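J.: Starting off with a structure, shown below.
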Amino acid sequence: VARQRQQTTPRSARPRERSPAPKNRARVRRSPAYRLPHDVDARTIELTFELDPHKSTFKGRASYALEIARRRKSIELHSLGLRIAFVRLHLADETLHGRVEHRPESESIVLGFDRLIPEGPVRLELAFRGRVRRDLRGLYGAGSGDEAWLASQLCPTDARRLFPCFDEPGMKSRYRISVTAPADQTVISNAPISDEETTENGQRLTRFEATPPLSSYLVAVAVGPFEASPVAMSGTTALRVWTLPGRQPLTGFALEAATASLERLERWFDLPHPYPKLDLLALPAFAFGAMENAGAVFFRDSILLLDAKTASLEDRMRTAEVVAHELSHMWFGNSVTMKWWNDLWLNEAFATWMAYEIVDSWRPEWQVWLDFALRKEHALWLDALASSHPIAPPIRHAEEAQENFDAITYTKGASVLRMLERYLGAEVFREGIRLYMRRHSESNAEAADLWAALAEVSAEPIEKIVAPWTLQTGFPVVTPTRRTKKGTPTLDLVQERFLALPSRSKRDAGMSWTIPWVGRIGSGEDGNGNETRTLKRLFSKHRDSIPSGGNFAWAYANGGEAGFFRVNHGEQGQHELLAHLGELSTVERIGLVGNQWALCQAERLPIAALLDLLSALDSEEDPDVLGVIESVLSALDRRLVPRAGAAAEVRFRTWICDTFGPQLEVIGVTPKKSEGDRARMRRARLLSIVGGLGRGDRVVRESERLCAQHFSEGMELAAELAGPIIRIAAAGGGPFLHAALRRATTRAETPQSRRIHLLGLAAFEDAMLIAKSLDTALDPDFAPAPDRAQLIHDLLGNPRTAMLTWTRLQRVWKRLERQMPPILLARLAAATAQALPASEMAGILAFFEQQPLLAGPRAVRQISEELKIAARFERASCKGLVEYLID
Ligand SMILES: [Zn+2]
């Protein structure tokens, strides 16, 4: 609806760019629904690049084997920021020289010829040159001296910045890539190397084998002083992990995770890996977490590289999950590709869901689906905003795809697939996907093709179940009520759209979803008579009545939290659930906290009920439930505490320590050798809660002592505790600690250690030191862009540093635009809604009106909505918090 604004975003907002045309970029308007003509089909594209990480420009030649379906006098390709040196078209009887017309509004070039090009095969040749970018997209460079490197990041629509191409996912070609580079550099691309030779001027020419048909966004090339791990074989696929020099000791875990994932994926899809080799490359500066280029996946180094002996469970889980996610794209996404960007969600949703399945089967003891439950909470929050979007929105212009790399696309999408999988059963679901893969491999498909395949194997009305979830914005809140109907106990269900800011619109009131509903009820009898029953229903009307098969003491109306919706159990329902907390599963306890918190912010539940729930969870031992508790407490700390007054602040912190401190006392701050991963994770979360939010005296002193020992005596901190300990110490720390953290960042031996020390700079509260932290965040030579972006994000998320950070950020935004890709800038913008006072809203909106966000005009609407919600929540709940703490 409000997408209009995106299409008219002035192009002047883009980072500086040398382009042949036109002079005044601000005047360029995009054509909203622009697509290339599809009657020119590039069967094969041969690309020859001249690349050197020490140069700021690059050169290329391209030769396209085209199939012309309709005779014509011109050929159009995407091309952006490239200078075209010559154009030749080889016909059967003649070679034509073409003219180039640049069309910036469609990011394309039109090659005009003096005679008609006949139907059938022709060969087009182009030579071009471009500029190496610094903002992590297109072909970009980073590092310096011996560690300078170049890499491509072409998804979603930046292939056109690397070579003139047919830059739409539905237009696949086979690629033959060759690269000339300095002889001491390593070159990586999608396919295996076919041969190498030394050129006349002492450079090396590397030729790669031809790829299977690929969409342009999956092409990859990287040049740098990369080193490889030993090859690991999985079936017939040769796997390697590539790094900059000196990082090879950190590759073992990624290689193990990749091998384990690949084996499982081959079995799951019942199809071999579609590419002959698989390179995983770790790059310090990378816009996304990783990118699934066919056969050559590029990762942010902090995600791929770790020391398996010292890394925390969270870090290992994240690495395994991202590796499995990218590898599952080799089938779902790369071999079978969306026809157009409107199905981007299906790509990402499936890979997200699949990654959790794979990691769960590889390491069941990690309980990764609980981690997914935490991610789901975030997606539910974003989707409860009126500014949310459907999972499958209409994408008219490719650039609209840019702003959809969010939790709605990934996590809500994955939740919907999970809901469907639960409903159909794992085997039927897998059979449907296999059928879809077999039908469309090496080709393109759309969501409807998948629904058709699933319907075929299940005989269920898949599209009817799925459509409300993918095409409608938002999700429902289900309110269960107990009733006795003709003497039979029943559970009545009502559904309506859930919005964090209630709406009075008739449209919202009329919405409903097809919910494959699962509920759990418990008899609540003590001893062995204690039984729970599962109720199921395809719940699609506004209200429904479900016989409960007997009396019950409690009901949890989203059994196993398999559904993507909220439940309003009401105060009475919560009361019953609190009396039987032990009968809820872990994921249900995460869901219960998330639900009550969301209802509280939407003013459907008093804050006292939320605090009662948190109190009742004082002996909660599961680290993921503690994780959701921590995020609720930290939101209260950001939003209510600064407005509640000093006395209330003291009471709030004391209450946290009284509630969760005793648990920590029992297990102690020091990890024990015999403990498992999740026990260690539990300690880390408790430390953050009691030391970071509660500022418990003893924990703070202990953290300061450990932190001092870490820096003065070189004592290692346990991986999962390092972050919380450093942050707790930094909150009261001075210039000495600040300098120590900076030093430790630059000397860190693992990306995790670099990040932990760097992010510690966000926890200082002294104004001078905050300013220094910001200087660090803005220094491109200090740390990779994604880490620095996270530092700014954290500074904006701390109520004690947010204002200073925002004031300064506005002055340096232009500089950041040259250093960071649009996606990171949009995340920074979104971070202004975390802790800044709602009174800043007008200023924030005015600022982003002046400096439009390329990757997310929606982000600005979200900011204004989130600040409105915050203001309303502060008004409604501040008093309630104070009263609760006094009682
Ligand atoms: Zn993905």
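Starting from 1 in every chain, residues are counted up; chains themselves are A, B, ... following the order of the structure tokens, and ligands are numbered from 1 as listed.
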Could you report the residues within 8 Å of ligand 1, using only C-alpha atoms and all ligand atoms, as a list of chain:residue names?
T.: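 Using only C-alpha atoms and all ligand atoms, everything at most 8 Å from ligand 1 comes to A:Ala290, A:Met291, A:Glu292, A:His325, A:Glu326, A:His329, A:Asn347, A:Glu348, A:Ala349, A:Ala351, A:Thr352.
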J.: To test your reading of the structure, identify every residue in region 596-758 of chain A that backbone DSSP assigns to alpha helix (DSSP H), and report it as number ranges by chain.
T.: A: 596-601, 607-616, 623-639, 641-644, 646-667, 677-687, 697-712, 719-731, 735-747, 751-758
J.: Using only C-alpha atoms, determine which residues lie at most 10 Å from Ile45 (chain A), disregarding the query and same-chain residues fewer than 3 positions distant; provide the list as a list of chain:residue names.
T.: A:Ala42, A:Thr48, A:Ala62, A:Ser63, A:Tyr64, A:Ala65, A:Leu66, A:Arg123, A:Leu124, A:Glu125, A:Cys165, A:Lys172, A:Ser173, A:Arg174, A:Tyr175, A:Arg176, A:Ile177, A:Ala210, A:Thr211
J.: Using C-alpha atoms, can you write the selected residues to a file as a compact mmCIF listing (two decimals), in the first residue's frame?
T.:
```txt
# COMPACT_ATOMS: atom_id res chain seq x y z
CA ALA A 42 21.19 -15.99 -22.65
CA THR A 48 36.65 -12.77 -18.35
CA ALA A 62 31.52 -10.87 -21.72
CA SER A 63 30.39 -13.16 -24.49
CA TYR A 64 26.73 -14.17 -24.51
CA ALA A 65 25.25 -17.08 -26.49
CA LEU A 66 21.79 -15.62 -27.03
CA ARG A 123 26.64 -14.20 -30.07
CA LEU A 124 26.99 -10.85 -28.32
CA GLU A 125 30.36 -9.55 -27.12
CA CYS A 165 23.51 -9.15 -17.40
CA LYS A 172 19.11 -18.38 -15.91
CA SER A 173 22.33 -18.93 -17.86
CA ARG A 174 25.31 -21.24 -17.74
CA TYR A 175 28.43 -19.29 -16.79
CA ARG A 176 32.03 -19.83 -17.88
CA ILE A 177 34.18 -17.52 -15.78
CA ALA A 210 31.00 -24.12 -16.84
CA THR A 211 28.26 -23.91 -14.20
```
J.: Go through A:Gly570, A:Pro476, A:Pro837, A:Gly594 one by one, measure the shortest atom-to-atom distance of each to Gly510 (chain A) using only C-alpha atoms, and give the residue with the smallest value.
T.: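 With only C-alpha atoms as the atom set, the closest residue is A:Pro476.
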J.: Give the strand (DSSP E or B) residues of region 89-290 of chain A, as DSSP finds them on the backbone, and put them as a PyMOL selection string.
T.: chain A and resi 89-90+95-97+99-103+108-117+120-131+133+138-142+149-153+165+173-181+186-189+193-198+204-208+214+221-224+227-228+232-234+237-243+277-283+290
J.: Could you pull the residues within 9 Å of region 608-623 of chain A, counting only C-alpha atoms, minus those fewer than 4 positions along the same chain, as a ChimeraX atom specification?
T.: /A:571,574-575,578,581,586,592-593,596-597,600,627-629,656,658-663,678-686,877,880-881,883-884
J.: Pull the closest atom pair for each residue of region 243-352 of chain A that gets at most 12 Å from region 720-742 of chain A, along with the distance in Å to one decimal, counting only C-alpha atoms, ordering rows by chain and then ascending residue number, as JSON lines.
T.:
```
{"residue": "A:Thr310", "atom": "CA", "partner": "A:Glu720", "partner_atom": "CA", "distance": 9.1}
{"residue": "A:Ala311", "atom": "CA", "partner": "A:Glu720", "partner_atom": "CA", "distance": 7.6}
{"residue": "A:Ser312", "atom": "CA", "partner": "A:Glu720", "partner_atom": "CA", "distance": 4.9}
{"residue": "A:Leu313", "atom": "CA", "partner": "A:Glu720", "partner_atom": "CA", "distance": 7.4}
{"residue": "A:Glu314", "atom": "CA", "partner": "A:Glu720", "partner_atom": "CA", "distance": 7.8}
{"residue": "A:Asp315", "atom": "CA", "partner": "A:Glu720", "partner_atom": "CA", "distance": 8.7}
{"residue": "A:Arg316", "atom": "CA", "partner": "A:Glu720", "partner_atom": "CA", "distance": 11.0}
```
J.: Need the shell around His569 (chain A): protein/DNA/RNA residues with any atom at most 9 Å away, counting only C-alpha atoms. Skip same-chain ones fewer than 5 positions apart. Format as a ChimeraX atom specification?
T.: /A:478-481,555-557,574,577,595-596
J.: Could you write out the selected residues, including all heavy atoms, as a PDB file, in the first residue's frame?
T.:
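Output saved as again34.pdb:
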```pdb
ATOM      1  N   VAL A 478      -5.566 -15.512  19.708  1.00  0.00           N
ATOM      2  CA  VAL A 478      -6.633 -16.468  20.002  1.00  0.00           C
ATOM      3  C   VAL A 478      -6.977 -16.334  21.484  1.00  0.00           C
ATOM      4  O   VAL A 478      -6.085 -16.371  22.330  1.00  0.00           O
ATOM      5  CB  VAL A 478      -6.166 -17.909  19.694  1.00  0.00           C
ATOM      6  CG1 VAL A 478      -7.197 -18.927  20.172  1.00  0.00           C
ATOM      7  CG2 VAL A 478      -5.900 -18.079  18.202  1.00  0.00           C
ATOM      8  N   THR A 479      -8.268 -16.131  21.762  1.00  0.00           N
ATOM      9  CA  THR A 479      -8.692 -16.048  23.156  1.00  0.00           C
ATOM     10  C   THR A 479      -9.506 -17.286  23.507  1.00  0.00           C
ATOM     11  O   THR A 479     -10.593 -17.494  22.958  1.00  0.00           O
ATOM     12  CB  THR A 479      -9.540 -14.781  23.390  1.00  0.00           C
ATOM     13  OG1 THR A 479      -8.782 -13.664  22.919  1.00  0.00           O
ATOM     14  CG2 THR A 479      -9.854 -14.579  24.867  1.00  0.00           C
ATOM     15  N   PRO A 480      -9.004 -18.135  24.389  1.00  0.00           N
ATOM     16  CA  PRO A 480      -9.759 -19.321  24.791  1.00  0.00           C
ATOM     17  C   PRO A 480     -10.615 -19.017  26.027  1.00  0.00           C
ATOM     18  O   PRO A 480     -10.188 -18.279  26.906  1.00  0.00           O
ATOM     19  CB  PRO A 480      -8.654 -20.321  25.147  1.00  0.00           C
ATOM     20  CG  PRO A 480      -7.484 -19.481  25.563  1.00  0.00           C
ATOM     21  CD  PRO A 480      -7.647 -18.114  24.963  1.00  0.00           C
ATOM     22  N   THR A 481     -11.818 -19.537  26.051  1.00  0.00           N
ATOM     23  CA  THR A 481     -12.640 -19.448  27.271  1.00  0.00           C
ATOM     24  C   THR A 481     -13.258 -20.819  27.552  1.00  0.00           C
ATOM     25  O   THR A 481     -13.659 -21.514  26.631  1.00  0.00           O
ATOM     26  CB  THR A 481     -13.820 -18.445  27.131  1.00  0.00           C
ATOM     27  OG1 THR A 481     -13.843 -17.934  25.817  1.00  0.00           O
ATOM     28  CG2 THR A 481     -13.752 -17.337  28.133  1.00  0.00           C
ATOM     29  N   ALA A 555      -5.415 -24.708  30.518  1.00  0.00           N
ATOM     30  CA  ALA A 555      -5.345 -24.910  29.067  1.00  0.00           C
ATOM     31  C   ALA A 555      -4.240 -24.033  28.518  1.00  0.00           C
ATOM     32  O   ALA A 555      -4.107 -22.874  28.918  1.00  0.00           O
ATOM     33  CB  ALA A 555      -6.667 -24.528  28.425  1.00  0.00           C
ATOM     34  N   TYR A 556      -3.442 -24.603  27.627  1.00  0.00           N
ATOM     35  CA  TYR A 556      -2.456 -23.785  26.918  1.00  0.00           C
ATOM     36  C   TYR A 556      -2.844 -23.813  25.446  1.00  0.00           C
ATOM     37  O   TYR A 556      -2.813 -24.863  24.800  1.00  0.00           O
ATOM     38  CB  TYR A 556      -1.026 -24.312  27.127  1.00  0.00           C
ATOM     39  CG  TYR A 556      -0.006 -23.301  26.654  1.00  0.00           C
ATOM     40  CD1 TYR A 556       0.346 -22.224  27.468  1.00  0.00           C
ATOM     41  CD2 TYR A 556       0.546 -23.381  25.381  1.00  0.00           C
ATOM     42  CE1 TYR A 556       1.231 -21.249  27.028  1.00  0.00           C
ATOM     43  CE2 TYR A 556       1.434 -22.406  24.936  1.00  0.00           C
ATOM     44  CZ  TYR A 556       1.771 -21.354  25.761  1.00  0.00           C
ATOM     45  OH  TYR A 556       2.642 -20.385  25.325  1.00  0.00           O
ATOM     46  N   ALA A 557      -3.240 -22.672  24.926  1.00  0.00           N
ATOM     47  CA  ALA A 557      -3.930 -22.661  23.640  1.00  0.00           C
ATOM     48  C   ALA A 557      -3.012 -22.491  22.426  1.00  0.00           C
ATOM     49  O   ALA A 557      -3.452 -22.074  21.364  1.00  0.00           O
ATOM     50  CB  ALA A 557      -5.021 -21.598  23.652  1.00  0.00           C
ATOM     51  N   GLN A 574      -3.940 -17.208  33.195  1.00  0.00           N
ATOM     52  CA  GLN A 574      -2.549 -17.158  33.670  1.00  0.00           C
ATOM     53  C   GLN A 574      -2.446 -17.724  35.081  1.00  0.00           C
ATOM     54  O   GLN A 574      -1.531 -18.479  35.400  1.00  0.00           O
ATOM     55  CB  GLN A 574      -2.001 -15.725  33.639  1.00  0.00           C
ATOM     56  CG  GLN A 574      -0.675 -15.622  34.394  1.00  0.00           C
ATOM     57  CD  GLN A 574       0.074 -14.315  34.204  1.00  0.00           C
ATOM     58  OE1 GLN A 574       0.218 -13.827  33.100  1.00  0.00           O
ATOM     59  NE2 GLN A 574       0.568 -13.753  35.318  1.00  0.00           N
ATOM     60  N   LEU A 577      -2.410 -21.337  34.890  1.00  0.00           N
ATOM     61  CA  LEU A 577      -1.150 -21.833  34.314  1.00  0.00           C
ATOM     62  C   LEU A 577      -0.006 -21.718  35.331  1.00  0.00           C
ATOM     63  O   LEU A 577       0.851 -22.590  35.419  1.00  0.00           O
ATOM     64  CB  LEU A 577      -0.806 -21.071  33.028  1.00  0.00           C
ATOM     65  CG  LEU A 577      -1.694 -21.422  31.822  1.00  0.00           C
ATOM     66  CD1 LEU A 577      -1.503 -20.418  30.687  1.00  0.00           C
ATOM     67  CD2 LEU A 577      -1.394 -22.838  31.328  1.00  0.00           C
ATOM     68  N   ASN A 595       3.955 -14.072  25.138  1.00  0.00           N
ATOM     69  CA  ASN A 595       2.547 -13.682  25.030  1.00  0.00           C
ATOM     70  C   ASN A 595       2.169 -12.594  26.025  1.00  0.00           C
ATOM     71  O   ASN A 595       1.560 -11.589  25.669  1.00  0.00           O
ATOM     72  CB  ASN A 595       1.656 -14.885  25.357  1.00  0.00           C
ATOM     73  CG  ASN A 595       1.259 -15.642  24.119  1.00  0.00           C
ATOM     74  OD1 ASN A 595       0.838 -15.063  23.130  1.00  0.00           O
ATOM     75  ND2 ASN A 595       1.434 -16.938  24.163  1.00  0.00           N
ATOM     76  N   GLN A 596       2.521 -12.854  27.287  1.00  0.00           N
ATOM     77  CA  GLN A 596       2.087 -11.925  28.329  1.00  0.00           C
ATOM     78  C   GLN A 596       2.749 -10.560  28.138  1.00  0.00           C
ATOM     79  O   GLN A 596       2.148  -9.529  28.381  1.00  0.00           O
ATOM     80  CB  GLN A 596       2.373 -12.493  29.724  1.00  0.00           C
ATOM     81  CG  GLN A 596       1.741 -13.869  30.000  1.00  0.00           C
ATOM     82  CD  GLN A 596       0.253 -13.945  29.721  1.00  0.00           C
ATOM     83  OE1 GLN A 596      -0.173 -14.010  28.570  1.00  0.00           O
ATOM     84  NE2 GLN A 596      -0.565 -13.938  30.771  1.00  0.00           N
TER      85      GLN A 596
END
```
J.: From the list A:Leu501, A:Val231, A:Ala789, A:Ala467, which residue is nearest Ala386 (chain A) when using only C-alpha atoms?
T.: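 Checking each candidate against Ala386 (chain A), we get A:Leu501 as the closest.
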J.: Compile the contact shell of Glu227 (chain A) as a PyMOL selection string: residues with an atom at most 9 Å away, counting only C-alpha atoms, same-chain residues fewer than 5 positions apart removed.
T.: chain A and resi 186+241-248
J.: Could you name the residues that touch Thr473 (chain A) at 8 Å or less, counting only C-alpha atoms, but leaving out those on the same chain fewer than 5 positions away, as a ChimeraX atom specification?
T.: /A:383,388-391
J.: Could you save the residues just selected, with N, CA and C atoms, as a PDB file, in the first residue's frame?
T.:
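Dumped everything to again_31.pdb:
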```pdb
ATOM      1  N   ASP A 383       5.592  -8.209  13.391  1.00  0.00           N
ATOM      2  CA  ASP A 383       4.376  -8.468  12.635  1.00  0.00           C
ATOM      3  C   ASP A 383       3.134  -7.944  13.365  1.00  0.00           C
ATOM      4  N   SER A 388       3.809  -3.636   9.291  1.00  0.00           N
ATOM      5  CA  SER A 388       4.340  -4.918   8.832  1.00  0.00           C
ATOM      6  C   SER A 388       3.914  -5.176   7.380  1.00  0.00           C
ATOM      7  N   HIS A 389       4.334  -6.292   6.846  1.00  0.00           N
ATOM      8  CA  HIS A 389       4.002  -6.606   5.456  1.00  0.00           C
ATOM      9  C   HIS A 389       3.675  -8.089   5.347  1.00  0.00           C
ATOM     10  N   PRO A 390       2.953  -8.478   4.300  1.00  0.00           N
ATOM     11  CA  PRO A 390       2.704  -9.919   4.127  1.00  0.00           C
ATOM     12  C   PRO A 390       4.030 -10.628   3.862  1.00  0.00           C
ATOM     13  N   ILE A 391       4.089 -11.906   4.174  1.00  0.00           N
ATOM     14  CA  ILE A 391       5.292 -12.676   3.849  1.00  0.00           C
ATOM     15  C   ILE A 391       5.541 -12.606   2.344  1.00  0.00           C
TER      16      ILE A 391
END
```
